[in-house]
>>> print(open('start_6.cif').read())   # mmCIF, C-alpha atoms
data_run
#
loop_
_atom_site.label_atom_id
_atom_site.label_comp_id
_atom_site.auth_asym_id
_atom_site.auth_seq_id
_atom_site.Cartn_x
_atom_site.Cartn_y
_atom_site.Cartn_z
CA MET A 30 -17.62 -5.85 12.32
CA LEU A 31 -19.46 -7.86 9.68
CA PRO A 32 -20.65 -11.31 10.83
CA ASN A 33 -20.41 -14.38 8.61
CA THR A 34 -23.60 -15.50 6.86
CA GLY A 35 -22.58 -18.90 5.51
CA LYS A 36 -23.08 -17.75 1.91
CA LEU A 37 -19.61 -18.90 0.83
CA ALA A 38 -19.89 -22.39 2.33
CA GLY A 39 -18.54 -24.96 -0.12
CA CYS A 40 -17.31 -22.31 -2.58
CA THR A 41 -13.77 -22.55 -3.94
CA LEU A 42 -11.75 -19.32 -3.86
CA PHE A 43 -8.51 -18.97 -5.82
CA ILE A 44 -6.63 -16.13 -4.09
CA THR A 45 -3.30 -14.78 -5.32
CA GLY A 46 -0.89 -13.45 -2.73
CA ALA A 47 -2.85 -15.11 0.08
CA SER A 48 0.10 -16.02 2.30
CA ARG A 49 -0.19 -12.75 4.26
CA GLY A 50 -1.93 -9.40 4.55
CA ILE A 51 -5.20 -8.63 2.81
CA GLY A 52 -5.17 -11.82 0.75
CA LYS A 53 -4.91 -13.98 3.86
CA ALA A 54 -7.58 -11.95 5.66
CA ILE A 55 -10.02 -12.59 2.78
CA ALA A 56 -9.09 -16.28 2.85
CA LEU A 57 -9.77 -16.57 6.59
CA LYS A 58 -13.09 -14.72 6.30
CA ALA A 59 -14.30 -17.15 3.64
CA ALA A 60 -12.86 -20.13 5.54
CA ARG A 61 -15.14 -19.36 8.49
CA ASP A 62 -18.04 -20.20 6.19
CA GLY A 63 -16.40 -23.51 5.33
CA ALA A 64 -15.03 -22.40 1.94
CA ASN A 65 -12.22 -24.07 0.03
CA ILE A 66 -9.20 -21.78 -0.34
CA VAL A 67 -6.47 -22.05 -2.95
CA ILE A 68 -3.47 -20.10 -1.63
CA ALA A 69 -1.53 -19.11 -4.73
CA ALA A 70 1.67 -17.33 -3.68
CA LYS A 71 5.46 -17.57 -3.88
CA THR A 72 6.51 -17.68 -0.23
CA THR A 73 7.48 -21.19 0.82
CA ASP A 74 10.21 -20.30 3.34
CA PRO A 75 9.94 -17.73 6.15
CA HIS A 76 11.13 -14.25 5.16
CA PRO A 77 13.06 -12.21 7.76
CA LYS A 78 10.86 -9.13 7.26
CA LEU A 79 7.63 -10.54 5.80
CA PRO A 80 5.85 -13.04 8.06
CA GLY A 81 3.87 -16.00 6.72
CA THR A 82 4.22 -18.69 4.05
CA ILE A 83 1.68 -20.52 1.91
CA TYR A 84 1.89 -23.40 4.41
CA THR A 85 1.31 -21.35 7.56
CA ALA A 86 -1.60 -19.62 5.79
CA ALA A 87 -3.06 -23.03 4.86
CA LYS A 88 -2.94 -24.11 8.52
CA GLU A 89 -4.77 -20.95 9.55
CA VAL A 90 -7.43 -21.51 6.89
CA GLU A 91 -8.05 -25.04 8.12
CA ALA A 92 -8.12 -23.89 11.74
CA ALA A 93 -10.79 -21.34 10.76
CA GLY A 94 -13.00 -24.07 9.33
CA GLY A 95 -12.08 -24.16 5.66
CA LYS A 96 -10.16 -26.49 3.39
CA ALA A 97 -6.85 -25.33 1.96
CA LEU A 98 -4.65 -26.03 -1.02
CA ALA A 99 -1.24 -24.35 -0.92
CA CYS A 100 0.27 -23.80 -4.37
CA VAL A 101 3.68 -22.35 -5.16
CA VAL A 102 2.83 -19.74 -7.78
CA ASP A 103 4.62 -16.83 -9.38
CA ILE A 104 1.69 -15.28 -11.24
CA ARG A 105 4.04 -14.06 -13.96
CA ASN A 106 4.65 -17.71 -14.87
CA GLU A 107 1.90 -19.08 -17.10
CA GLN A 108 2.81 -22.71 -16.45
CA GLN A 109 2.74 -22.30 -12.66
CA VAL A 110 -0.62 -20.52 -12.75
CA GLY A 111 -2.04 -23.15 -15.07
CA GLU A 112 -0.85 -26.00 -12.86
CA ALA A 113 -2.32 -24.36 -9.74
CA VAL A 114 -5.67 -23.85 -11.47
CA GLN A 115 -5.73 -27.50 -12.52
CA LYS A 116 -4.82 -28.67 -8.99
CA ALA A 117 -7.69 -26.58 -7.62
CA VAL A 118 -10.15 -28.11 -10.07
CA ASP A 119 -8.88 -31.65 -9.40
CA MET A 120 -9.10 -31.21 -5.62
CA PHE A 121 -12.29 -29.17 -5.24
CA GLY A 122 -14.17 -29.85 -8.47
CA GLY A 123 -14.04 -26.31 -9.84
CA ILE A 124 -13.40 -22.65 -9.08
CA ASP A 125 -16.16 -20.26 -8.01
CA ILE A 126 -14.28 -17.11 -7.08
CA LEU A 127 -11.00 -15.53 -8.16
CA VAL A 128 -9.42 -12.83 -5.99
CA ASN A 129 -6.58 -11.03 -7.75
CA ASN A 130 -4.75 -9.68 -4.73
CA ALA A 131 -1.04 -10.17 -5.50
CA SER A 132 0.69 -6.87 -6.20
CA ALA A 133 4.09 -5.18 -6.29
CA ILE A 134 4.78 -1.57 -5.36
CA SER A 135 7.55 0.98 -5.86
CA LEU A 136 6.63 4.61 -5.19
CA THR A 137 9.37 6.09 -7.33
CA GLY A 138 9.51 8.57 -10.18
CA THR A 139 10.34 7.82 -13.79
CA LEU A 140 14.08 8.42 -13.56
CA GLY A 141 14.33 6.69 -10.20
CA THR A 142 12.55 3.47 -11.17
CA PRO A 143 14.85 0.76 -12.63
CA MET A 144 13.28 -1.16 -15.51
CA LYS A 145 13.56 -4.30 -13.39
CA LYS A 146 11.07 -2.71 -10.98
CA VAL A 147 8.85 -1.53 -13.84
CA ASP A 148 8.79 -5.04 -15.28
CA LEU A 149 8.05 -6.51 -11.83
CA MET A 150 5.06 -4.24 -11.23
CA LEU A 151 3.63 -4.63 -14.72
CA GLY A 152 4.34 -8.37 -14.64
CA ILE A 153 2.58 -9.02 -11.34
CA ASN A 154 -0.11 -6.36 -11.17
CA LEU A 155 -1.23 -6.09 -14.78
CA ARG A 156 -0.07 -9.21 -16.63
CA GLY A 157 -0.45 -11.51 -13.62
CA THR A 158 -4.03 -10.36 -13.04
CA TYR A 159 -4.89 -10.77 -16.72
CA LEU A 160 -3.22 -14.19 -16.93
CA THR A 161 -4.79 -15.61 -13.79
CA SER A 162 -8.21 -14.34 -14.85
CA LYS A 163 -7.81 -15.83 -18.32
CA LEU A 164 -6.93 -19.28 -16.94
CA CYS A 165 -9.66 -19.27 -14.27
CA ILE A 166 -12.51 -17.96 -16.44
CA PRO A 167 -13.28 -21.29 -18.22
CA HIS A 168 -13.90 -22.83 -14.80
CA LEU A 169 -15.71 -19.79 -13.38
CA LEU A 170 -18.19 -20.02 -16.26
CA LYS A 171 -19.26 -23.41 -14.87
CA SER A 172 -19.99 -22.02 -11.40
CA ARG A 173 -23.45 -21.08 -10.15
CA ASN A 174 -22.38 -17.65 -8.88
CA PRO A 175 -18.91 -16.84 -10.19
CA HIS A 176 -16.97 -13.74 -9.19
CA ILE A 177 -13.67 -12.05 -9.99
CA LEU A 178 -12.54 -9.45 -7.47
CA ASN A 179 -9.45 -7.34 -8.15
CA LEU A 180 -7.80 -5.42 -5.33
CA SER A 181 -7.32 -2.30 -7.42
CA PRO A 182 -8.41 1.35 -7.34
CA PRO A 183 -11.06 3.33 -9.19
CA LEU A 184 -9.70 4.62 -12.50
CA ASN A 185 -8.85 8.24 -11.76
CA LEU A 186 -7.04 10.42 -14.28
CA ASN A 187 -6.15 13.19 -11.82
CA PRO A 188 -2.44 13.81 -12.64
CA VAL A 189 -1.58 13.96 -8.93
CA TRP A 190 -1.85 10.16 -8.81
CA PHE A 191 0.67 9.77 -11.64
CA ARG A 192 3.35 12.39 -11.19
CA ASN A 193 5.30 10.78 -8.34
CA HIS A 194 4.99 7.10 -9.30
CA THR A 195 3.87 6.71 -12.90
CA ALA A 196 4.97 3.08 -13.22
CA TYR A 197 3.10 1.94 -10.10
CA THR A 198 -0.03 3.81 -11.12
CA MET A 199 0.02 2.27 -14.60
CA ALA A 200 0.42 -1.19 -13.09
CA LYS A 201 -2.46 -0.78 -10.61
CA TYR A 202 -4.70 0.85 -13.19
CA GLY A 203 -3.97 -2.12 -15.44
CA MET A 204 -5.72 -4.29 -12.86
CA SER A 205 -8.63 -1.86 -12.86
CA MET A 206 -8.86 -1.90 -16.65
CA CYS A 207 -9.20 -5.69 -16.43
CA VAL A 208 -12.30 -5.06 -14.32
CA LEU A 209 -13.67 -2.53 -16.77
CA GLY A 210 -13.20 -4.80 -19.78
CA MET A 211 -14.00 -8.22 -18.32
CA ALA A 212 -17.12 -7.00 -16.49
CA GLU A 213 -18.53 -5.94 -19.84
CA GLU A 214 -17.22 -8.98 -21.73
CA PHE A 215 -18.70 -11.49 -19.28
CA LYS A 216 -21.80 -9.56 -18.20
CA GLY A 217 -24.57 -11.95 -17.24
CA HIS A 218 -22.08 -14.77 -16.67
CA ILE A 219 -19.37 -13.61 -14.22
CA ALA A 220 -19.44 -10.73 -11.75
CA VAL A 221 -16.22 -8.71 -12.06
CA ASN A 222 -15.56 -5.94 -9.54
CA ALA A 223 -12.73 -3.94 -7.96
CA LEU A 224 -12.21 -3.18 -4.27
CA TRP A 225 -9.92 -0.55 -2.74
CA PRO A 226 -9.38 0.58 0.86
CA LYS A 227 -10.37 4.09 1.93
CA THR A 228 -7.45 4.27 4.34
CA ALA A 229 -4.02 2.72 4.62
CA ILE A 230 -4.13 -0.92 5.73
CA GLN A 231 -1.64 -2.41 8.16
CA THR A 232 0.39 -4.94 6.19
CA ALA A 233 4.04 -5.89 6.05
CA ALA A 234 4.37 -3.79 2.88
CA MET A 235 2.92 -0.73 4.62
CA ASP A 236 5.27 -1.19 7.56
CA MET A 237 8.23 -1.27 5.16
CA LEU A 238 7.02 1.79 3.23
CA GLY A 239 5.86 3.91 6.13
CA GLY A 240 8.39 3.00 8.80
CA ASP A 241 7.94 2.93 12.55
CA GLY A 242 4.71 4.37 13.86
CA VAL A 243 2.72 4.23 10.62
CA SER A 244 0.57 1.32 11.82
CA LYS A 245 -1.38 3.48 14.28
CA GLN A 246 -2.64 5.46 11.28
CA CYS A 247 -3.91 2.29 9.57
CA ARG A 248 -6.89 -0.02 9.67
CA LYS A 249 -6.64 -3.80 9.94
CA PRO A 250 -6.88 -6.02 6.82
CA GLU A 251 -10.16 -7.36 8.20
CA ILE A 252 -12.04 -4.30 6.93
CA VAL A 253 -11.10 -5.19 3.36
CA ALA A 254 -11.92 -8.85 4.01
CA ASP A 255 -15.39 -7.98 5.33
CA ALA A 256 -16.06 -5.75 2.31
CA ALA A 257 -14.81 -8.47 -0.06
CA TYR A 258 -17.05 -11.03 1.65
CA THR A 259 -20.06 -8.78 1.08
CA ILE A 260 -19.24 -8.30 -2.61
CA LEU A 261 -18.61 -12.00 -3.21
CA SER A 262 -21.96 -12.83 -1.63
CA GLN A 263 -23.85 -10.81 -4.27
CA PRO A 264 -25.46 -12.28 -7.41
CA THR A 265 -23.60 -12.07 -10.72
CA GLU A 266 -25.76 -9.10 -11.75
CA PHE A 267 -23.65 -7.03 -9.33
CA THR A 268 -20.78 -6.34 -11.69
CA GLY A 269 -18.53 -3.63 -13.11
CA HIS A 270 -18.23 -1.67 -9.86
CA PHE A 271 -15.20 0.11 -8.41
CA LEU A 272 -15.85 -0.13 -4.70
CA VAL A 273 -14.31 1.31 -1.53
CA ASP A 274 -14.28 -0.88 1.59
CA GLU A 275 -15.86 1.60 4.01
CA ASP A 276 -18.64 2.49 1.57
CA VAL A 277 -19.48 -1.18 0.98
CA LEU A 278 -19.82 -1.84 4.70
CA LYS A 279 -21.91 1.28 5.34
CA ASP A 280 -24.26 0.23 2.53
CA HIS A 281 -24.72 -3.06 4.37
CA GLY A 282 -25.44 -1.62 7.79
CA VAL A 283 -21.96 -1.41 9.34
CA HIS A 284 -21.40 2.17 10.47
CA ASP A 285 -18.91 1.80 13.31
CA MET A 286 -15.45 1.56 11.75
CA GLU A 287 -13.51 1.92 15.01
CA PRO A 288 -13.16 -1.86 15.59
CA TYR A 289 -11.14 -2.01 12.36
CA ALA A 290 -8.63 0.60 13.50
CA VAL A 291 -5.21 -0.56 14.65
CA GLN A 292 -5.34 2.22 17.24
CA PRO A 293 -8.99 3.26 17.76
CA GLY A 294 -9.46 7.00 17.91
CA HIS A 295 -6.26 7.86 16.05
CA PRO A 296 -6.60 9.81 12.77
CA LEU A 297 -6.12 7.64 9.71
CA LEU A 298 -3.84 7.90 6.71
CA PRO A 299 -5.92 8.03 3.49
CA ASP A 300 -5.04 5.67 0.68
CA PHE A 301 -3.95 6.63 -2.82
CA PHE A 302 -6.18 7.27 -5.84
CA LEU A 303 -9.30 8.49 -4.00
CA ASP A 304 -10.24 12.05 -4.80
CA GLU A 305 -10.98 14.14 -1.93
CA SER A 306 -8.24 16.50 -3.11
CA PRO A 307 -4.87 15.25 -1.82
CA GLU A 308 -3.98 18.82 -0.81
CA THR A 309 -7.19 19.01 1.24
CA LEU A 310 -6.45 15.65 2.82
CA VAL A 311 -3.05 16.84 3.94
CA GLN A 312 -4.56 19.91 5.55
CA GLN A 313 -7.26 17.89 7.30
CA MET A 314 -4.74 15.43 8.67
CA GLU A 315 -2.49 18.20 9.94
CA GLN A 316 -5.44 19.85 11.67
CA HIS A 317 -6.47 16.60 13.36
CA GLY A 318 -3.01 15.55 14.44
CA ALA A 319 -2.38 12.53 12.23
CA THR A 320 0.92 13.98 11.08
CA SER A 321 2.13 15.17 14.47
CA ALA A 322 4.44 12.25 15.06
CA PHE A 323 7.06 14.48 16.65
CA LYS A 324 7.17 17.82 18.47
CA PRO A 325 8.18 21.02 16.69
CA PRO A 326 11.70 22.21 17.39
CA SER A 327 12.44 25.55 18.98
CA HIS A 328 13.95 27.69 16.24
CA ASP A 329 16.19 30.71 16.58
CA THR A 330 14.21 32.86 14.14
CA SER A 331 17.01 35.40 13.86
CA ARG A 332 19.04 32.84 11.91
CA GLY A 333 16.22 31.89 9.58
CA PRO A 334 14.02 28.77 9.63
CA ILE A 335 16.31 26.54 7.54
CA GLU A 336 19.46 27.37 9.50
CA SER A 337 17.57 26.83 12.76
CA THR A 338 16.21 23.51 11.57
CA PHE A 339 19.71 22.33 10.71
CA ASP A 340 20.91 23.46 14.16
CA VAL A 341 18.37 21.06 15.63
CA ILE A 342 19.33 18.29 13.20
CA ARG A 343 23.02 18.62 14.10
CA GLY A 344 22.07 18.35 17.76
CA VAL A 345 20.54 14.89 17.39
CA ILE A 346 22.74 13.14 14.82
CA SER A 347 25.38 10.82 16.24
CA ALA A 348 27.54 7.84 15.40
CA ASP A 349 24.63 5.55 16.32
CA VAL A 350 22.28 7.37 13.94
CA VAL A 351 24.92 7.14 11.21
CA LYS A 352 25.43 3.43 11.84
CA SER A 353 21.72 2.67 11.61
CA THR A 354 21.08 4.91 8.56
CA GLN A 355 24.06 4.81 6.18
CA GLY A 356 22.76 7.39 3.75
CA VAL A 357 23.68 10.79 2.31
CA TYR A 358 20.79 13.19 1.72
CA GLN A 359 20.57 16.31 -0.41
CA PHE A 360 17.72 18.82 -0.03
CA ASP A 361 16.97 21.05 -3.02
CA LEU A 362 14.77 23.75 -1.50
CA SER A 363 12.70 26.27 -3.42
CA GLY A 364 10.53 29.16 -2.33
CA GLU A 365 11.37 31.92 0.12
CA HIS A 366 14.52 30.23 1.48
CA GLU A 367 15.72 28.40 -1.61
CA GLY A 368 19.07 26.68 -1.61
CA VAL A 369 20.85 23.33 -1.41
CA TRP A 370 21.49 21.61 1.94
CA PHE A 371 22.87 18.23 2.91
CA LEU A 372 22.70 15.63 5.65
CA ASP A 373 25.53 13.06 5.78
CA LEU A 374 24.49 10.02 7.80
CA LYS A 375 27.06 7.70 6.28
CA SER A 376 30.46 8.76 7.63
CA GLY A 377 31.89 9.44 11.09
CA SER A 378 29.40 10.94 13.51
CA GLY A 379 27.44 12.58 10.72
CA SER A 380 27.30 16.14 9.48
CA ALA A 381 24.80 18.60 8.06
CA GLY A 382 24.91 22.02 6.48
CA GLN A 383 24.45 24.22 3.46
CA GLY A 384 25.71 23.30 0.00
CA GLU A 385 26.36 20.07 -1.89
CA PRO A 386 27.05 16.97 0.25
CA PRO A 387 30.69 15.85 0.65
CA ALA A 388 29.87 12.58 -1.13
CA LYS A 389 27.33 11.71 -3.81
CA ALA A 390 23.80 11.83 -2.41
CA ASP A 391 21.92 8.55 -2.08
CA VAL A 392 18.65 10.48 -1.86
CA VAL A 393 17.73 13.87 -3.31
CA MET A 394 14.61 15.50 -1.89
CA SER A 395 13.06 18.52 -3.58
CA MET A 396 10.44 20.65 -1.86
CA ASP A 397 9.46 24.14 -0.85
CA SER A 398 11.52 25.52 2.04
CA ALA A 399 8.37 26.16 4.09
CA ASP A 400 7.27 22.53 3.67
CA PHE A 401 10.77 21.37 4.62
CA THR A 402 10.58 23.32 7.88
CA ASN A 403 7.09 21.96 8.59
CA MET A 404 8.24 18.40 7.88
CA PHE A 405 11.11 18.55 10.37
CA ALA A 406 8.90 20.38 12.86
CA GLY A 407 6.45 17.49 12.87
CA ASN A 408 3.64 19.41 11.17
CA LEU A 409 3.90 17.57 7.85
CA LYS A 410 4.49 13.83 7.73
CA PRO A 411 6.93 12.78 4.98
CA THR A 412 4.46 10.18 3.69
CA MET A 413 1.77 12.80 3.26
CA ALA A 414 4.21 15.31 1.75
CA PHE A 415 5.17 12.70 -0.85
CA MET A 416 1.56 11.63 -1.41
CA SER A 417 0.37 15.18 -2.06
CA GLY A 418 3.25 16.04 -4.37
CA LYS A 419 4.86 18.52 -1.98
CA LEU A 420 7.92 16.28 -1.77
CA GLN A 421 9.73 14.77 -4.77
CA ILE A 422 12.25 12.02 -4.10
CA LYS A 423 15.01 10.68 -6.33
CA GLY A 424 17.22 7.79 -5.29
CA ASP A 425 16.92 5.09 -2.63
CA MET A 426 13.35 5.11 -1.28
CA MET A 427 14.17 2.90 1.70
CA LEU A 428 16.84 5.38 2.81
CA ALA A 429 14.34 8.18 2.34
CA MET A 430 12.01 6.41 4.76
CA LYS A 431 14.76 6.17 7.36
CA LEU A 432 14.76 9.94 7.81
CA GLU A 433 11.65 9.52 9.93
CA LYS A 434 13.78 7.83 12.59
CA LEU A 435 15.83 11.00 12.88
CA MET A 436 12.65 13.01 13.28
CA ASN A 437 11.43 10.64 16.00
CA ARG A 438 14.72 11.22 17.80
CA MET A 439 14.10 14.96 17.61
CA ASN A 440 10.74 14.34 19.28
CA LYS A 441 12.24 12.26 22.06
CA ALA A 442 14.78 14.97 22.70
CA LYS A 443 11.85 17.42 23.13
CA LEU A 444 13.55 20.04 21.07
#
>>> encode(input="start_6.cif", output="structure tokens")
Amino acid sequence: MLPNTGKLAGCTLFITGASRGIGKAIALKAARDGANIVIAAKTTDPHPKLPGTIYTAAKEVEAAGGKALACVVDIRNEQQVGEAVQKAVDMFGGIDILVNNASAISLTGTLGTPMKKVDLMLGINLRGTYLTSKLCIPHLLKSRNPHILNLSPPLNLNPVWFRNHTAYTMAKYGMSMCVLGMAEEFKGHIAVNALWPKTAIQTAAMDMLGGDGVSKQCRKPEIVADAAYTILSQPTEFTGHFLVDEDVLKDHGVHDMEPYAVQPGHPLLPDFFLDESPETLVQQMEQHGATSAFKPPSHDTSRGPIESTFDVIRGVISADVVKSTQGVYQFDLSGEHEGVWFLDLKSGSGSAGQGEPPAKADVVMSMDSADFTNMFAGNLKPTMAFMSGKLQIKGDMMLAMKLEKLMNRMNKAKL
């Protein structure tokens, strides 16, 4: 892992969303140099599912050797951002580095994304990044080595990265367009770059999206923090780059990535927006076992693969599964064994079979029948099926994620 060099000693970093996850990891990395950290985030009270507040993060920063200023900030609110910027300048004398880390995510299609979610993502990711940059830039221009670093992906117009979550992609690419424009606008004065992880990173958001067991396919936030530290240590001439964490570290002599893995040796889940073809990535991960989270069921091939799969499903659903799930699923299958099937995990002890569900579906999943069989056999992870476009989901995404628990139960039953 990358050692500290002391290059950020005395620098003031304004970091949005720094109460947890990647933002906090970057804060702690800089704090070990003796940097001043402005923690600009909303969380003031503990959240039942998302650990950390601006105050607990501030304590960790100070314990690591830095100075901290915790500011309650919703980056959609111009007044709150402005007040936090002024507090930072009053307390530390200026701002040297801005890290636009705060982000909102909803991996849903156009018809399944409420405008409230669209507004949230555009408001935080795009507008919030632009606003915070705008208010920090007058102070950054007074710094000796000013930087803006956005946690956003390379701009990639491959339609695969749009078709399943257009709103989220637009919001994240808005952050990247800020890099493209501001790097050119402030060339020679402020370094403006983007950083994106090569693999999934273990954060509270990833745990919520990926469900149980996804963490072993992730790297720790420290890999992004180490890459960010390297970028922020460069002169202002280093600007306008869209960087990937692993590549940054390799360019600076770090070639062993295993210490960053949550579970060393386990295959990793690739992140969005990076083109090694998503289809190829799925195949590679299947070959190397990253998607084998559960054992394949034994099918009675005489009844057909879909019927056999549903035989297995019926064997593991129960009142307990229904109680913990509370969702009705509809599967619209195409291909060789096309048809409509349902899984009711909302009433009684549950039921499953062919045809429309007995009650309105909370989640509708559309995919090829062969991919459906592979998914329930453990040969295709739902996350990867969705990522690659093999699986389209309409409805409640959180309920869609809960299906993985049923699959894990199939594995435990050794069917």
>>> closest_residue(input="start_6.cif", among="A:Arg49, A:His270, A:Lys419, A:His168", to="Gly81 of chain A", atoms="all atoms listed in the file")
A:Arg49
>>> resolve_selection(input="start_6.cif", expression="the PyMOL selection byres ((chain A and resi 432) around 12)", output="PyMOL selection string")
chain A and resi 239-241+342+346+350-351+353-359+372-374+392+394+404-405+410-412+425-431+433-439
>>> atom_distance(input="start_6.cif", atom1="atom CA of Pro80 of chain A", atom2="atom CA of Met235 of chain A")
13.1 Å
>>> atom_distance(input="start_6.cif", atom1="atom CA of Leu149 of chain A", atom2="atom CA of Asp103 of chain A")
11.1 Å
>>> atom_distance(input="start_6.cif", atom1="atom CA of Thr45 of chain A", atom2="atom CA of Pro75 of chain A")
17.8 Å
>>> resolve_selection(input="start_6.cif", expression="the PyMOL selection byres ((chain A and resi 215-225) around 9)", output="PyMOL selection string")
chain A and resi 166+169-170+172+174-183+204-205+207-214+226-228+253+256-257+260-261+263-274+300
>>> residues_around(input="start_6.cif", residues="Arg61 of chain A", least_positions_apart="6", cutoff="12 Å", atoms="all atoms listed in the file", output="PyMOL selection string")
chain A and resi 32-40+54-55+89-96+254-255+258
>>> write_last_selection(input="start_6.cif", atoms="C-alpha atoms", output="PDB file, in the coordinates of the input")
ATOM      1  CA  PRO A  32     -20.650 -11.310  10.830  1.00  0.00           C
ATOM      2  CA  ASN A  33     -20.410 -14.380   8.610  1.00  0.00           C
ATOM      3  CA  THR A  34     -23.600 -15.500   6.860  1.00  0.00           C
ATOM      4  CA  GLY A  35     -22.580 -18.900   5.510  1.00  0.00           C
ATOM      5  CA  LYS A  36     -23.080 -17.750   1.910  1.00  0.00           C
ATOM      6  CA  LEU A  37     -19.610 -18.900   0.830  1.00  0.00           C
ATOM      7  CA  ALA A  38     -19.890 -22.390   2.330  1.00  0.00           C
ATOM      8  CA  GLY A  39     -18.540 -24.960  -0.120  1.00  0.00           C
ATOM      9  CA  CYS A  40     -17.310 -22.310  -2.580  1.00  0.00           C
ATOM     10  CA  ALA A  54      -7.580 -11.950   5.660  1.00  0.00           C
ATOM     11  CA  ILE A  55     -10.020 -12.590   2.780  1.00  0.00           C
ATOM     12  CA  GLU A  89      -4.770 -20.950   9.550  1.00  0.00           C
ATOM     13  CA  VAL A  90      -7.430 -21.510   6.890  1.00  0.00           C
ATOM     14  CA  GLU A  91      -8.050 -25.040   8.120  1.00  0.00           C
ATOM     15  CA  ALA A  92      -8.120 -23.890  11.740  1.00  0.00           C
ATOM     16  CA  ALA A  93     -10.790 -21.340  10.760  1.00  0.00           C
ATOM     17  CA  GLY A  94     -13.000 -24.070   9.330  1.00  0.00           C
ATOM     18  CA  GLY A  95     -12.080 -24.160   5.660  1.00  0.00           C
ATOM     19  CA  LYS A  96     -10.160 -26.490   3.390  1.00  0.00           C
ATOM     20  CA  ALA A 254     -11.920  -8.850   4.010  1.00  0.00           C
ATOM     21  CA  ASP A 255     -15.390  -7.980   5.330  1.00  0.00           C
ATOM     22  CA  TYR A 258     -17.050 -11.030   1.650  1.00  0.00           C
TER      23      TYR A 258
END
>>> resolve_selection(input="start_6.cif", expression="the PyMOL selection byres ((chain A and resi 343) around 9)", output="ChimeraX atom specification")
/A:338-342,344-347,372,379-382
>>> closest_residue(input="start_6.cif", among="A:Asp125, A:Asp62, A:Asp119, A:Glu107", to="Arg156 of chain A", atoms="all atoms listed in the file")
A:Glu107
>>> residues_around(input="start_6.cif", residues="Tyr159 of chain A", least_positions_apart="4", cutoff="9 Å", atoms="all atoms listed in the file", output="PDB file with C-alpha atoms, in the frame of the given file")
ATOM      1  CA  ASN A 154      -0.110  -6.360 -11.170  1.00  0.00           C
ATOM      2  CA  LEU A 155      -1.230  -6.090 -14.780  1.00  0.00           C
ATOM      3  CA  LYS A 163      -7.810 -15.830 -18.320  1.00  0.00           C
ATOM      4  CA  LEU A 164      -6.930 -19.280 -16.940  1.00  0.00           C
ATOM      5  CA  GLY A 203      -3.970  -2.120 -15.440  1.00  0.00           C
ATOM      6  CA  MET A 204      -5.720  -4.290 -12.860  1.00  0.00           C
ATOM      7  CA  CYS A 207      -9.200  -5.690 -16.430  1.00  0.00           C
TER       8      CYS A 207
END
>>> closest_residue(input="start_6.cif", among="A:Leu278, A:Leu31, A:Ala200, A:Ala133", to="Lys58 of chain A", atoms="all atoms listed in the file")
A:Leu31
>>> closest_atom_pairs(input="start_6.cif", of="segment 339-442 of chain A", to="segment 192-196 of chain A", cutoff="10 Å", atoms="all atoms listed in the file", output="Markdown table")
| residue | atom | partner | partner_atom | distance |
| --- | --- | --- | --- | --- |
| A:Phe415 | CA | A:Asn193 | CA | 7.7 |
| A:Met416 | CA | A:Asn193 | CA | 7.9 |
| A:Ser417 | CA | A:Asn193 | CA | 9.1 |
| A:Gly418 | CA | A:Asn193 | CA | 6.9 |
| A:Leu420 | CA | A:Asn193 | CA | 9.0 |
| A:Gln421 | CA | A:Asn193 | CA | 6.9 |
| A:Ile422 | CA | A:Asn193 | CA | 8.2 |
| A:Lys423 | CA | A:Asn193 | CA | 9.9 |
